[in-house]
Amino acid sequence: MIARELEKAGVPVVQLTALTPIPNTLGVNRVLASAAITYPTGDPSLPPAEEKQVRKQYLRKALKALQQQVEKPEVFY
Amino acid sequence: MAKALRVVHYVNHFFGQKGGEAAAGLPPEVREGPVGPGLALEKALEGRGRVVATVVCGDDHFSENLDQVGQQIMALIKPYAPDLVVAGPAYGSGRYGMACGKVCELAQRELRVPAITGMNEENPGADLFRREALIVSTGETARTMAQDLGRMVRLAEKLVEGQELGEPAQEGYIPHGLRKNRLAEWSASRRAVDMLLAKIGGRSFQTELPLPKFEPVAAPAAIGDVSRARIALITDGGLVPKGNPDRLESRGATKWLGYSISGRDRLTPQEYESVHTGFDTTLVNQDPNRLVPLDAARELEQEGEIGKLHEEILTTTGVWTSLANARKFGREMAEKLKLEHIEGVILTST
Amino acid sequence: MRLELQVHHIRGVAFGRRTEARDGTLYVNAQELEQALLEDQRLARVGVELASPGDDCRIVKVADVVEPRCKLDPPGADFPGALSPIAAVGHGITRVLRGAAVVTTTQMPSSRENFPLPLGGVRVLDMTGAASQLTDYANTFNVVLSPVPASGVSLAEYEMALKYAGWRASVYLAQRCGGVAPDQVEVFDLPPLPDIHKGMEGLPRIAYIYQIWSHQSPSKPGDAILYGDNVRWLLPTVVHPNEVIDGAVLNGSHARMAGETYSIQNHPVVFDLLRRHGVDVCFVGVVLTVSPDGPVERARNATMAATMARWVLGADGAVLTKLGGGAPQADLALLAEKCEQLGMKSVLIISETSVDGSADAAITIATPAADAIVSAGSGDEYVLLPRVARVIGGQVPTPVGGPPGGENRVKINTIVGATSQIGANRLVGVEY
C-alpha cells in the first residue's frame, strides 16, 4: 500500500519482498524478489564481508529496476 | 409498532417539484408533510408512520458544497425530531445520489437517527457513501418508485427496531464493503469440498471471499541516471532505534517515523532493532542492514553508483496494519519525499 | 491402509483413585498423571484441574489442546518421532477418548510478548458465556495441566516440555482406559493409490494440499512437526490421509497460529474427504508443504506441490489450506495459479485478515486463479468475556488487561478454537 501511494504521487519506487504475489495484487509496478522474509537483504550463511557484497548486488538490481521503464506490474529477480 | 414513526424525507429539486435543471442551484428548504414521492412513501408506510416534513434542495447547490449544505440540512431536520430519515431514492442520478448519501451519513452520525436511501449500484454516490449509509439497490430510473419505497420502508423498520439485517443480496441493499463473522451452518471443509465439486463439474458456485480489486497505478517514469539521483530507503519491517523511543507499534501501526542516518555508514545491532511481530526478527536484529541495507547503500554512494542517499530512513510496521493507515502513511511519505526532491525509493518489506 | 479408531464417548470428567473410563466418565488420578509427566526433568510440578462444559470457569494462557489417544496396534507408536521411535502410523488400531481433551497452560512468563493480547499473551478458553459458543473446546471435558518449569530451564526448553506434556498426558489417559469395550468403531480403509478409484471411476479425484508450517516464524531444532522433524527445509511430500490424523503431523512448539494438536487429530478437511470417499469424491491423498522464507523456495514448493497433486496423485481438484499469518496467503496464491496452469481446480480455505473489518483488506491476494475461497471467519472481531468464578492457569501475572477472572473484551483470536486455518472452527465471514 505504501509503494502504491508513492507511485500514485509519481515517486519511482522498487519494493523488495519475499512475497512477490502480494505487491503485485496491489498493483505495485516495480517489485524485486528479496532474499527472505526474515532477512530481505542479506544471507546469514555468509561471512559479513561477503554478505555485504550480496547486499550490494540486491541494491544494484533495485537501482536497475528504478531505471527501467515498466508498463505494468513486473517482478524482477 | 406502537407509535407512528415520524419520518423526514429528503428529495432533490426535481422530485421536490421545484422545476428542471434551472432549479438545480436552489438552496435547501423545508416543507411540512410529504412532497412528490413522499406521498408514495407515506403509502408504503401503511399507517405505521407519516412524513412529517420534506427537505428539498437543488442538486448542483448540494453537490458543490456537500459538507456545508449537509450541515444546513441537519439543522432543518433536527426540530422535527424524526424517528427515521429517508432520502431519495436517487436511481442513476450522480449528484442526487451524493446528496442522499450525505444526508444519510450525517443523520446517523450527527442526529443519531436511522437513515436509509436507495440508488443504483453504479451511482457515484453509492461508491462514496456505501460504507456509512444503508443504500437499497435500485434500477436506474424512477419507474419502480412505489416498489422501491416499499423495500426501503421494510428495511428501515428493521433498522428502527434495532434488528440485525441479513446479507446484502437477500435484503436488497448495497454492501457496505465491510466483513463480519457469522456462525456457519456447515464446516469450512464441507463447504470447500462442495465448492470444489461444483467447480470441477462446471456448475455455478460463489466464493465466500471476493478478491479485492485495486485500480492499476501508472508506473512512474524510470529514473534516467541513479548515479545522479537522490534515493531514499524505506522499510515496513518495523526498524527502530534500540529501545523503540517513539513507541512504534509492533503490529497494527498507526504511525510512521523518520530517523536520521546522517554520518552513519551502517546500522549496528547495538543501535537498531526491529519490533515487527509478523516474522522472526532474530536475523534482522543480529544485523539490521539485512532489513535496511544502509551499509551497502553507503558504499554504492561513495563509489558513485547512487547519487545521494537521503539522510533519513522512513519506517513503519507492516503487519496487522489497516489498509486505510497504510494508504495514509504512503501519502504522507510521498508528500515529504517530494518536498525533499527525492527521485527514487527503495522499499524493503518483510 | 486400514486405520481403526476405537472410540470411547466421554460425557463427564472427575478425579478418582484410578485413572479409567467408567460409564462414560473419565476418572483421573491426578498424582499418577503428574508423576508420569514429571519424568520430564524440565518440569518441577504439574497442576491438574478439571473443567466441564458449562462450568463457571475460564482457562487462561492456553498453549495446546490434545485429544486423549493411544496406539493399540502397533502398540506404543504414539506421536512417532516426538514421543516414540519412528514408526509408521495411520494403520492398525487407535483408542480415542472422544469428548475429552487435555488442555495445557503455559506457566512461564514469555519474553516473546510479540502478541500482547490480554490475559497473558496466550489464549483463553471460557467454559461458559459468549466465547464458549465460538469453540468446540468448551464442549469437551477438559483435563487442564499447568506445568511449572524446573529452575534454570530456558523459555525454549520449557515450551518444548509443555508441548510434550500435553501429548504425554493424552497417551497416559487413553492407555489407562482399556478394559471396557469401545462405544463405537470407525474404520478408514483406503486402497493403495493404483486401485483407489476402482468402483468409483465416475467420481472426481480430490487431493488435499496441506501447508503444515509457515517459516515466517522458522521452526526450531527439536520442533516436532512431521514424524518428529521440524520441516525447516521440507520439500512437498505425499502422505496417506490416515497418517495425518494418527499422529504423524504435529504443530511444533511455539507458533500460536499453528493450531491445536486436537484440530489435526480431528482434521476437518481430511475427515470430510475420508468420509465422502466413494460417496461423491475419490480422495487420492495429501500433499504436505510449508510456507518458506524465500521467494525461490516459495515458487519451488508451489510448483512441486501442484505437480504432485496433479500428476502423481492424478487429482482433478485440490483443497488448499495455509498456516501462519498473512505471508502464507502468497503461497496459496501461487499454488492456485500452478493448479490452474496444470488444469486442476482448487478451493482455498482462508482465515480473514482484516483488522478494521473492511472487505478490501480481508485477504492480501488477488490472483484470478483464487476464485473459489471458503472463509473461516475473522479473528479480529471482539467478544465480551464475562466475570467467572474460577480461573485455571492464571498463576503467572497478566501483563495486559484486567484480572483474569474479570470482564474482558478480547479479540476472537484470543479464544482457543474460535479461529482455525484449517476450518476447525464455526465461523464464516460475510460481507455486509
# chains A, B, ... in the order shown; residues from 1 in each chain; ligands from 1
$ interface_residues --of "chain C" --to "chain B" --cutoff "7 Å" --atoms "only C-alpha atoms" --output "PyMOL selection string"
chain C and resi 114+216-218+268-269+272+317+319+345-347+349+355-361+366+371-378+423+426-432
$ select_by_dssp --residues "chain A" --states "alpha helix (DSSP H)" --output "PyMOL selection string"
chain A and resi 2-8+21-26+48-66
$ write_last_selection --atoms "N, CA and C atoms" --output "JSON list (two decimals), in the first residue's frame"
[["chain", "number", "residue", "atom", "x", "y", "z"],
["A", 2, "ILE", "N", 1.96, 1.21, 0.75],
["A", 2, "ILE", "CA", 2.84, 2.38, 0.80],
["A", 2, "ILE", "C", 3.43, 2.62, -0.58],
["A", 3, "ALA", "N", 3.94, 1.55, -1.21],
["A", 3, "ALA", "CA", 4.54, 1.69, -2.53],
["A", 3, "ALA", "C", 3.51, 2.21, -3.52],
["A", 4, "ARG", "N", 2.29, 1.72, -3.40],
["A", 4, "ARG", "CA", 1.22, 2.13, -4.29],
["A", 4, "ARG", "C", 0.96, 3.64, -4.20],
["A", 5, "GLU", "N", 0.93, 4.14, -2.98],
["A", 5, "GLU", "CA", 0.69, 5.57, -2.79],
["A", 5, "GLU", "C", 1.86, 6.41, -3.30],
["A", 6, "LEU", "N", 3.08, 5.91, -3.09],
["A", 6, "LEU", "CA", 4.25, 6.63, -3.60],
["A", 6, "LEU", "C", 4.17, 6.70, -5.13],
["A", 7, "GLU", "N", 3.79, 5.59, -5.73],
["A", 7, "GLU", "CA", 3.69, 5.58, -7.19],
["A", 7, "GLU", "C", 2.60, 6.51, -7.68],
["A", 8, "LYS", "N", 1.48, 6.53, -6.95],
["A", 8, "LYS", "CA", 0.40, 7.45, -7.32],
["A", 8, "LYS", "C", 0.89, 8.88, -7.33],
["A", 21, "PRO", "N", 3.86, -12.18, -4.82],
["A", 21, "PRO", "CA", 2.48, -12.04, -5.30],
["A", 21, "PRO", "C", 1.70, -10.92, -4.64],
["A", 22, "ILE", "N", 2.09, -10.53, -3.43],
["A", 22, "ILE", "CA", 1.26, -9.56, -2.71],
["A", 22, "ILE", "C", 1.35, -8.14, -3.30],
["A", 23, "PRO", "N", 2.56, -7.58, -3.46],
["A", 23, "PRO", "CA", 2.58, -6.25, -4.10],
["A", 23, "PRO", "C", 1.99, -6.26, -5.49],
["A", 24, "ASN", "N", 2.11, -7.39, -6.17],
["A", 24, "ASN", "CA", 1.50, -7.47, -7.49],
["A", 24, "ASN", "C", -0.01, -7.36, -7.41],
["A", 25, "THR", "N", -0.59, -7.96, -6.37],
["A", 25, "THR", "CA", -2.01, -7.82, -6.11],
["A", 25, "THR", "C", -2.39, -6.36, -6.01],
["A", 26, "LEU", "N", -1.54, -5.62, -5.29],
["A", 26, "LEU", "CA", -1.84, -4.22, -5.03],
["A", 26, "LEU", "C", -1.50, -3.34, -6.22],
["A", 48, "PRO", "N", 30.40, -11.76, 7.14],
["A", 48, "PRO", "CA", 29.86, -10.40, 6.98],
["A", 48, "PRO", "C", 30.33, -9.68, 5.71],
["A", 49, "ALA", "N", 31.62, -9.78, 5.38],
["A", 49, "ALA", "CA", 32.11, -9.03, 4.21],
["A", 49, "ALA", "C", 31.44, -9.53, 2.94],
["A", 50, "GLU", "N", 31.31, -10.85, 2.83],
["A", 50, "GLU", "CA", 30.66, -11.41, 1.64],
["A", 50, "GLU", "C", 29.18, -11.09, 1.62],
["A", 51, "GLU", "N", 28.59, -11.11, 2.83],
["A", 51, "GLU", "CA", 27.17, -10.81, 2.89],
["A", 51, "GLU", "C", 26.91, -9.39, 2.39],
["A", 52, "LYS", "N", 27.84, -8.49, 2.73],
["A", 52, "LYS", "CA", 27.65, -7.10, 2.28],
["A", 52, "LYS", "C", 27.70, -7.02, 0.75],
["A", 53, "GLN", "N", 28.55, -7.85, 0.14],
["A", 53, "GLN", "CA", 28.61, -7.87, -1.32],
["A", 53, "GLN", "C", 27.27, -8.34, -1.91],
["A", 54, "VAL", "N", 26.69, -9.36, -1.26],
["A", 54, "VAL", "CA", 25.37, -9.84, -1.70],
["A", 54, "VAL", "C", 24.35, -8.70, -1.62],
["A", 55, "ARG", "N", 24.46, -7.98, -0.51],
["A", 55, "ARG", "CA", 23.53, -6.86, -0.28],
["A", 55, "ARG", "C", 23.69, -5.81, -1.40],
["A", 56, "LYS", "N", 24.96, -5.58, -1.76],
["A", 56, "LYS", "CA", 25.19, -4.59, -2.83],
["A", 56, "LYS", "C", 24.57, -5.07, -4.14],
["A", 57, "GLN", "N", 24.61, -6.39, -4.35],
["A", 57, "GLN", "CA", 24.01, -6.92, -5.58],
["A", 57, "GLN", "C", 22.50, -6.68, -5.59],
["A", 58, "TYR", "N", 21.87, -6.90, -4.42],
["A", 58, "TYR", "CA", 20.43, -6.62, -4.34],
["A", 58, "TYR", "C", 20.15, -5.15, -4.67],
["A", 59, "LEU", "N", 20.99, -4.28, -4.11],
["A", 59, "LEU", "CA", 20.77, -2.85, -4.34],
["A", 59, "LEU", "C", 20.99, -2.50, -5.81],
["A", 60, "ARG", "N", 21.99, -3.11, -6.42],
["A", 60, "ARG", "CA", 22.22, -2.83, -7.85],
["A", 60, "ARG", "C", 21.01, -3.25, -8.68],
["A", 61, "LYS", "N", 20.44, -4.42, -8.31],
["A", 61, "LYS", "CA", 19.24, -4.85, -9.03],
["A", 61, "LYS", "C", 18.09, -3.86, -8.80],
["A", 62, "ALA", "N", 18.01, -3.38, -7.56],
["A", 62, "ALA", "CA", 16.95, -2.41, -7.24],
["A", 62, "ALA", "C", 17.14, -1.13, -8.05],
["A", 63, "LEU", "N", 18.38, -0.67, -8.13],
["A", 63, "LEU", "CA", 18.66, 0.56, -8.88],
["A", 63, "LEU", "C", 18.35, 0.37, -10.36],
["A", 64, "LYS", "N", 18.68, -0.82, -10.84],
["A", 64, "LYS", "CA", 18.41, -1.12, -12.24],
["A", 64, "LYS", "C", 16.90, -1.09, -12.53],
["A", 65, "ALA", "N", 16.15, -1.66, -11.58],
["A", 65, "ALA", "CA", 14.69, -1.66, -11.75],
["A", 65, "ALA", "C", 14.15, -0.23, -11.77],
["A", 66, "LEU", "N", 14.74, 0.63, -10.94],
["A", 66, "LEU", "CA", 14.28, 2.03, -10.90],
["A", 66, "LEU", "C", 14.58, 2.74, -12.21]]
$ select_by_dssp --residues "region 36-253 of chain B" --states "strand (DSSP E)" --output "ChimeraX atom specification"
/B:49-57,84-87,115-119,135-137,179-183,230-235,239-241
$ write_last_selection --atoms "C-alpha atoms" --output "PDB file, in the first residue's frame"
ATOM      1  CA  GLY B  49     -45.633   6.212  10.070  1.00  0.00           C
ATOM      2  CA  ARG B  50     -46.093   9.552   8.428  1.00  0.00           C
ATOM      3  CA  VAL B  51     -43.912  12.026   6.598  1.00  0.00           C
ATOM      4  CA  VAL B  52     -43.799  14.999   8.957  1.00  0.00           C
ATOM      5  CA  ALA B  53     -41.556  17.141   6.768  1.00  0.00           C
ATOM      6  CA  THR B  54     -39.727  17.179   3.440  1.00  0.00           C
ATOM      7  CA  VAL B  55     -36.384  18.849   2.792  1.00  0.00           C
ATOM      8  CA  VAL B  56     -35.825  19.926  -0.789  1.00  0.00           C
ATOM      9  CA  CYS B  57     -32.509  21.087  -2.218  1.00  0.00           C
ATOM     10  CA  LEU B  84     -36.290   7.949  10.591  1.00  0.00           C
ATOM     11  CA  VAL B  85     -34.782   9.878   7.698  1.00  0.00           C
ATOM     12  CA  VAL B  86     -35.488   8.665   4.181  1.00  0.00           C
ATOM     13  CA  ALA B  87     -33.559  10.134   1.248  1.00  0.00           C
ATOM     14  CA  ALA B 115     -31.490   6.716   7.812  1.00  0.00           C
ATOM     15  CA  ILE B 116     -31.963   4.947   4.516  1.00  0.00           C
ATOM     16  CA  THR B 117     -31.692   5.804   0.864  1.00  0.00           C
ATOM     17  CA  GLY B 118     -31.861   3.996  -2.447  1.00  0.00           C
ATOM     18  CA  MET B 119     -29.910   4.261  -5.665  1.00  0.00           C
ATOM     19  CA  ILE B 135     -28.498   2.124   0.452  1.00  0.00           C
ATOM     20  CA  VAL B 136     -31.198  -0.004  -1.120  1.00  0.00           C
ATOM     21  CA  SER B 137     -30.142  -1.180  -4.537  1.00  0.00           C
ATOM     22  CA  ARG B 179     -16.974  -8.022   6.761  1.00  0.00           C
ATOM     23  CA  LYS B 180     -18.300  -9.657   9.878  1.00  0.00           C
ATOM     24  CA  ASN B 181     -18.481 -13.145  11.313  1.00  0.00           C
ATOM     25  CA  ARG B 182     -21.458 -15.406  11.426  1.00  0.00           C
ATOM     26  CA  LEU B 183     -21.800 -18.867  12.842  1.00  0.00           C
ATOM     27  CA  ARG B 230      18.615  11.238  -4.618  1.00  0.00           C
ATOM     28  CA  ILE B 231      17.437   7.884  -3.282  1.00  0.00           C
ATOM     29  CA  ALA B 232      15.566   7.210  -0.045  1.00  0.00           C
ATOM     30  CA  LEU B 233      15.428   3.974   1.948  1.00  0.00           C
ATOM     31  CA  ILE B 234      12.075   2.990   3.426  1.00  0.00           C
ATOM     32  CA  THR B 235      11.028  -0.136   5.287  1.00  0.00           C
ATOM     33  CA  LEU B 239      13.047  -0.830  12.175  1.00  0.00           C
ATOM     34  CA  VAL B 240      13.561   1.478  15.161  1.00  0.00           C
ATOM     35  CA  PRO B 241      16.438   2.790  17.278  1.00  0.00           C
TER      36      PRO B 241
END
$ interface_residues --of "chain B" --to "chain A" --cutoff "6 Å" --atoms "only C-alpha atoms" --output "PDB file with C-alpha atoms, in the first residue's frame"
ATOM      1  CA  PHE B 214      -7.231  -2.352  -6.810  1.00  0.00           C
ATOM      2  CA  PRO B 216      -3.913  -0.153 -11.564  1.00  0.00           C
ATOM      3  CA  ALA B 219       4.238   3.302 -13.176  1.00  0.00           C
ATOM      4  CA  PRO B 220       6.189   6.470 -12.509  1.00  0.00           C
ATOM      5  CA  ALA B 222      12.070   5.441 -14.772  1.00  0.00           C
ATOM      6  CA  ILE B 223      14.923   7.381 -13.239  1.00  0.00           C
ATOM      7  CA  GLY B 224      17.296   8.443 -16.003  1.00  0.00           C
ATOM      8  CA  VAL B 284      17.491  -8.876  11.362  1.00  0.00           C
ATOM      9  CA  ARG B 290      19.613  -7.185   6.458  1.00  0.00           C
ATOM     10  CA  LEU B 291      16.405  -5.188   6.733  1.00  0.00           C
ATOM     11  CA  ALA B 296      25.782  -1.434   1.062  1.00  0.00           C
ATOM     12  CA  ALA B 326      -1.096   2.117   5.154  1.00  0.00           C
ATOM     13  CA  ARG B 327      -2.544   4.394   2.482  1.00  0.00           C
ATOM     14  CA  GLY B 330       2.175   6.221   1.850  1.00  0.00           C
ATOM     15  CA  ARG B 331       0.566   9.561   1.037  1.00  0.00           C
ATOM     16  CA  ALA B 334       5.238  10.774  -0.670  1.00  0.00           C
ATOM     17  CA  GLY B 344      13.596   7.232  -6.169  1.00  0.00           C
ATOM     18  CA  VAL B 345      12.733   4.935  -3.262  1.00  0.00           C
ATOM     19  CA  ILE B 346      13.989   1.501  -2.277  1.00  0.00           C
ATOM     20  CA  LEU B 347      11.363  -0.058  -0.022  1.00  0.00           C
ATOM     21  CA  THR B 348      12.309  -3.205   1.864  1.00  0.00           C
ATOM     22  CA  SER B 349       9.415  -5.358   3.045  1.00  0.00           C
ATOM     23  CA  THR B 350       9.277  -8.499   5.119  1.00  0.00           C
TER      24      THR B 350
END
$ closest_atom_pairs --of "chain C" --to "chain A" --cutoff "8 Å" --atoms "only C-alpha atoms" --output "JSON lines"
{"residue": "C:Gln216", "atom": "CA", "partner": "A:Ile37", "partner_atom": "CA", "distance": 6.2}
{"residue": "C:Asp293", "atom": "CA", "partner": "A:Ala36", "partner_atom": "CA", "distance": 4.9}
{"residue": "C:Gly294", "atom": "CA", "partner": "A:Ala36", "partner_atom": "CA", "distance": 3.9}
{"residue": "C:Pro295", "atom": "CA", "partner": "A:Ala18", "partner_atom": "CA", "distance": 4.8}
{"residue": "C:Ala327", "atom": "CA", "partner": "A:Leu19", "partner_atom": "CA", "distance": 6.7}
{"residue": "C:Ala330", "atom": "CA", "partner": "A:Pro21", "partner_atom": "CA", "distance": 5.7}
{"residue": "C:Ala333", "atom": "CA", "partner": "A:Pro21", "partner_atom": "CA", "distance": 7.2}
{"residue": "C:Leu334", "atom": "CA", "partner": "A:Pro21", "partner_atom": "CA", "distance": 7.4}
{"residue": "C:Thr364", "atom": "CA", "partner": "A:Ile22", "partner_atom": "CA", "distance": 6.2}
{"residue": "C:Ile365", "atom": "CA", "partner": "A:Thr25", "partner_atom": "CA", "distance": 5.6}
{"residue": "C:Ala366", "atom": "CA", "partner": "A:Thr25", "partner_atom": "CA", "distance": 5.1}
{"residue": "C:Thr367", "atom": "CA", "partner": "A:Thr25", "partner_atom": "CA", "distance": 6.9}
$ residues_around --residues "Ala418 (chain C)" --least-positions-apart "4" --cutoff "10 Å" --atoms "only C-alpha atoms" --output "number ranges by chain"
C: 125, 131-137, 376-379, 412-414, 423-427
$ write_last_selection --atoms "N, CA and C atoms" --output "PDB file, in the first residue's frame"
ATOM      1  N   LEU C 125      -9.785 -19.987  27.189  1.00  0.00           N
ATOM      2  CA  LEU C 125     -10.917 -20.870  26.915  1.00  0.00           C
ATOM      3  C   LEU C 125     -11.955 -20.675  28.012  1.00  0.00           C
ATOM      4  N   ALA C 131     -18.156 -16.464  24.689  1.00  0.00           N
ATOM      5  CA  ALA C 131     -16.993 -17.016  23.997  1.00  0.00           C
ATOM      6  C   ALA C 131     -17.081 -18.535  23.874  1.00  0.00           C
ATOM      7  N   SER C 132     -17.787 -19.168  24.810  1.00  0.00           N
ATOM      8  CA  SER C 132     -17.878 -20.627  24.759  1.00  0.00           C
ATOM      9  C   SER C 132     -18.704 -21.091  23.564  1.00  0.00           C
ATOM     10  N   GLN C 133     -19.496 -20.173  23.011  1.00  0.00           N
ATOM     11  CA  GLN C 133     -20.287 -20.524  21.824  1.00  0.00           C
ATOM     12  C   GLN C 133     -19.409 -20.627  20.568  1.00  0.00           C
ATOM     13  N   LEU C 134     -18.200 -20.089  20.679  1.00  0.00           N
ATOM     14  CA  LEU C 134     -17.361 -19.979  19.492  1.00  0.00           C
ATOM     15  C   LEU C 134     -16.360 -21.115  19.346  1.00  0.00           C
ATOM     16  N   THR C 135     -16.280 -22.002  20.327  1.00  0.00           N
ATOM     17  CA  THR C 135     -15.219 -23.005  20.290  1.00  0.00           C
ATOM     18  C   THR C 135     -15.711 -24.380  20.710  1.00  0.00           C
ATOM     19  N   ASP C 136     -15.264 -25.385  20.002  1.00  0.00           N
ATOM     20  CA  ASP C 136     -15.634 -26.761  20.347  1.00  0.00           C
ATOM     21  C   ASP C 136     -15.001 -27.206  21.664  1.00  0.00           C
ATOM     22  N   TYR C 137     -13.925 -26.548  22.059  1.00  0.00           N
ATOM     23  CA  TYR C 137     -13.238 -26.974  23.285  1.00  0.00           C
ATOM     24  C   TYR C 137     -14.007 -26.603  24.553  1.00  0.00           C
ATOM     25  N   ALA C 376     -12.966 -18.893   6.716  1.00  0.00           N
ATOM     26  CA  ALA C 376     -13.032 -19.472   8.062  1.00  0.00           C
ATOM     27  C   ALA C 376     -13.231 -18.374   9.099  1.00  0.00           C
ATOM     28  N   GLY C 377     -13.776 -17.236   8.652  1.00  0.00           N
ATOM     29  CA  GLY C 377     -14.079 -16.151   9.583  1.00  0.00           C
ATOM     30  C   GLY C 377     -12.870 -15.300   9.897  1.00  0.00           C
ATOM     31  N   SER C 378     -13.100 -14.274  10.723  1.00  0.00           N
ATOM     32  CA  SER C 378     -12.035 -13.354  11.091  1.00  0.00           C
ATOM     33  C   SER C 378     -11.813 -13.406  12.593  1.00  0.00           C
ATOM     34  N   GLY C 379     -10.557 -13.381  13.002  1.00  0.00           N
ATOM     35  CA  GLY C 379     -10.242 -13.362  14.430  1.00  0.00           C
ATOM     36  C   GLY C 379     -10.228 -11.973  15.012  1.00  0.00           C
ATOM     37  N   ILE C 412     -11.531 -12.155  19.052  1.00  0.00           N
ATOM     38  CA  ILE C 412     -11.941 -13.547  18.933  1.00  0.00           C
ATOM     39  C   ILE C 412     -10.741 -14.474  18.808  1.00  0.00           C
ATOM     40  N   ASN C 413      -9.649 -13.969  18.192  1.00  0.00           N
ATOM     41  CA  ASN C 413      -8.494 -14.860  18.028  1.00  0.00           C
ATOM     42  C   ASN C 413      -7.800 -15.157  19.354  1.00  0.00           C
ATOM     43  N   THR C 414      -8.272 -14.540  20.432  1.00  0.00           N
ATOM     44  CA  THR C 414      -7.776 -14.895  21.763  1.00  0.00           C
ATOM     45  C   THR C 414      -8.397 -16.208  22.250  1.00  0.00           C
ATOM     46  N   GLY C 423     -10.120 -24.659   9.163  1.00  0.00           N
ATOM     47  CA  GLY C 423     -11.577 -24.706   9.223  1.00  0.00           C
ATOM     48  C   GLY C 423     -12.119 -25.508  10.388  1.00  0.00           C
ATOM     49  N   ALA C 424     -11.292 -25.709  11.430  1.00  0.00           N
ATOM     50  CA  ALA C 424     -11.779 -26.453  12.594  1.00  0.00           C
ATOM     51  C   ALA C 424     -12.451 -25.489  13.569  1.00  0.00           C
ATOM     52  N   ASN C 425     -13.267 -24.607  13.029  1.00  0.00           N
ATOM     53  CA  ASN C 425     -13.990 -23.649  13.876  1.00  0.00           C
ATOM     54  C   ASN C 425     -15.365 -23.450  13.282  1.00  0.00           C
ATOM     55  N   ARG C 426     -16.125 -22.545  13.846  1.00  0.00           N
ATOM     56  CA  ARG C 426     -17.530 -22.452  13.444  1.00  0.00           C
ATOM     57  C   ARG C 426     -17.859 -21.193  12.670  1.00  0.00           C
ATOM     58  N   LEU C 427     -16.856 -20.342  12.436  1.00  0.00           N
ATOM     59  CA  LEU C 427     -17.174 -19.024  11.887  1.00  0.00           C
ATOM     60  C   LEU C 427     -17.011 -18.959  10.379  1.00  0.00           C
TER      61      LEU C 427
END
$ atom_distance --atom1 "CA of Gln421 (chain C)" --atom2 "CA of Gly259 (chain C)"
7.3 Å
$ residues_around --residues "Glu21 (chain B)" --least-positions-apart "6" --cutoff "9 Å" --atoms "only C-alpha atoms" --output "list in words"
His13, Phe14, Gly58, Asp59 and Asp60 of chain B
$ residues_around --residues "Trp167 (chain C)" --least-positions-apart "6" --cutoff "8 Å" --atoms "only C-alpha atoms" --output "JSON, numbers by chain"
{"C": [66, 79, 83]}
$ write_last_selection --atoms "C-alpha atoms" --output "mmCIF file, in the first residue's frame"
data_model
loop_
_atom_site.group_PDB
_atom_site.id
_atom_site.type_symbol
_atom_site.label_atom_id
_atom_site.label_comp_id
_atom_site.auth_asym_id
_atom_site.auth_seq_id
_atom_site.Cartn_x
_atom_site.Cartn_y
_atom_site.Cartn_z
ATOM 1 C CA VAL C 66 -4.934 -32.570 22.668
ATOM 2 C CA PHE C 79 3.257 -39.363 18.064
ATOM 3 C CA LEU C 83 7.178 -39.274 21.943
#
$ atom_distance --atom1 "CA of Ala370 (chain C)" --atom2 "CA of Ala299 (chain C)"
16.4 Å
$ residues_around --residues "Gly222 (chain C)" --least-positions-apart "5" --cutoff "9 Å" --atoms "only C-alpha atoms" --output "ChimeraX atom specification"
/C:82,160,228-230,252-253
$ write_last_selection --atoms "N, CA and C atoms" --output "compact mmCIF listing (two decimals), in the first residue's frame"
# COMPACT_ATOMS: atom_id res chain seq x y z
N ALA C 82 8.32 -37.93 17.99
CA ALA C 82 8.26 -36.98 19.09
C ALA C 82 8.30 -37.75 20.41
N MET C 160 9.04 -26.50 24.80
CA MET C 160 9.13 -27.85 24.27
C MET C 160 8.53 -28.84 25.28
N GLY C 228 8.32 -36.05 13.88
CA GLY C 228 9.37 -35.53 14.73
C GLY C 228 10.32 -34.55 14.06
N ASP C 229 10.21 -34.40 12.77
CA ASP C 229 11.09 -33.48 12.05
C ASP C 229 10.54 -32.06 12.14
N ASN C 230 11.45 -31.07 12.06
CA ASN C 230 10.98 -29.69 12.17
C ASN C 230 10.66 -29.06 10.81
N GLY C 252 4.58 -28.30 16.18
CA GLY C 252 5.74 -27.54 16.68
C GLY C 252 5.55 -27.12 18.12
N SER C 253 6.38 -26.21 18.57
CA SER C 253 6.31 -25.89 20.00
C SER C 253 5.88 -24.48 20.31
$ atom_distance --atom1 "CA of Glu303 (chain B)" --atom2 "CA of Ile261 (chain B)"
18.3 Å
$ residues_around --residues "Ala306 (chain C)" --least-positions-apart "2" --cutoff "10 Å" --atoms "only C-alpha atoms" --output "MDAnalysis selection string"
chainID C and resid 207 209 236 287 301:304 308:312 315 318 334:342 344 346
$ write_last_selection --atoms "C-alpha atoms" --output "mmCIF file, in the first residue's frame"
data_model
loop_
_atom_site.group_PDB
_atom_site.id
_atom_site.type_symbol
_atom_site.label_atom_id
_atom_site.label_comp_id
_atom_site.auth_asym_id
_atom_site.auth_seq_id
_atom_site.Cartn_x
_atom_site.Cartn_y
_atom_site.Cartn_z
ATOM 1 C CA ALA C 207 -6.271 -34.145 -3.279
ATOM 2 C CA ILE C 209 -2.538 -29.738 -0.308
ATOM 3 C CA PRO C 236 6.426 -31.049 -0.808
ATOM 4 C CA VAL C 287 0.477 -33.347 -0.231
ATOM 5 C CA ASN C 301 7.220 -25.548 -3.274
ATOM 6 C CA ALA C 302 4.127 -24.334 -5.108
ATOM 7 C CA THR C 303 5.280 -25.866 -8.376
ATOM 8 C CA MET C 304 6.201 -29.202 -6.850
ATOM 9 C CA MET C 308 2.426 -33.862 -7.284
ATOM 10 C CA ALA C 309 -1.291 -33.445 -6.772
ATOM 11 C CA ARG C 310 -1.993 -33.303 -10.499
ATOM 12 C CA TRP C 311 0.409 -35.817 -11.995
ATOM 13 C CA VAL C 312 1.463 -38.105 -9.168
ATOM 14 C CA ALA C 315 -6.227 -35.192 -8.924
ATOM 15 C CA ALA C 318 -7.443 -29.834 -4.679
ATOM 16 C CA LEU C 334 0.960 -19.213 -6.229
ATOM 17 C CA LEU C 335 -0.396 -22.703 -5.591
ATOM 18 C CA ALA C 336 -3.785 -21.760 -7.019
ATOM 19 C CA GLU C 337 -2.068 -20.404 -10.128
ATOM 20 C CA LYS C 338 0.024 -23.535 -10.562
ATOM 21 C CA CYS C 339 -3.055 -25.746 -10.119
ATOM 22 C CA GLU C 340 -4.874 -23.732 -12.747
ATOM 23 C CA GLN C 341 -1.941 -23.982 -15.162
ATOM 24 C CA LEU C 342 -1.937 -27.766 -14.738
ATOM 25 C CA MET C 344 -6.603 -28.783 -11.832
ATOM 26 C CA SER C 346 -8.672 -25.564 -6.493
#
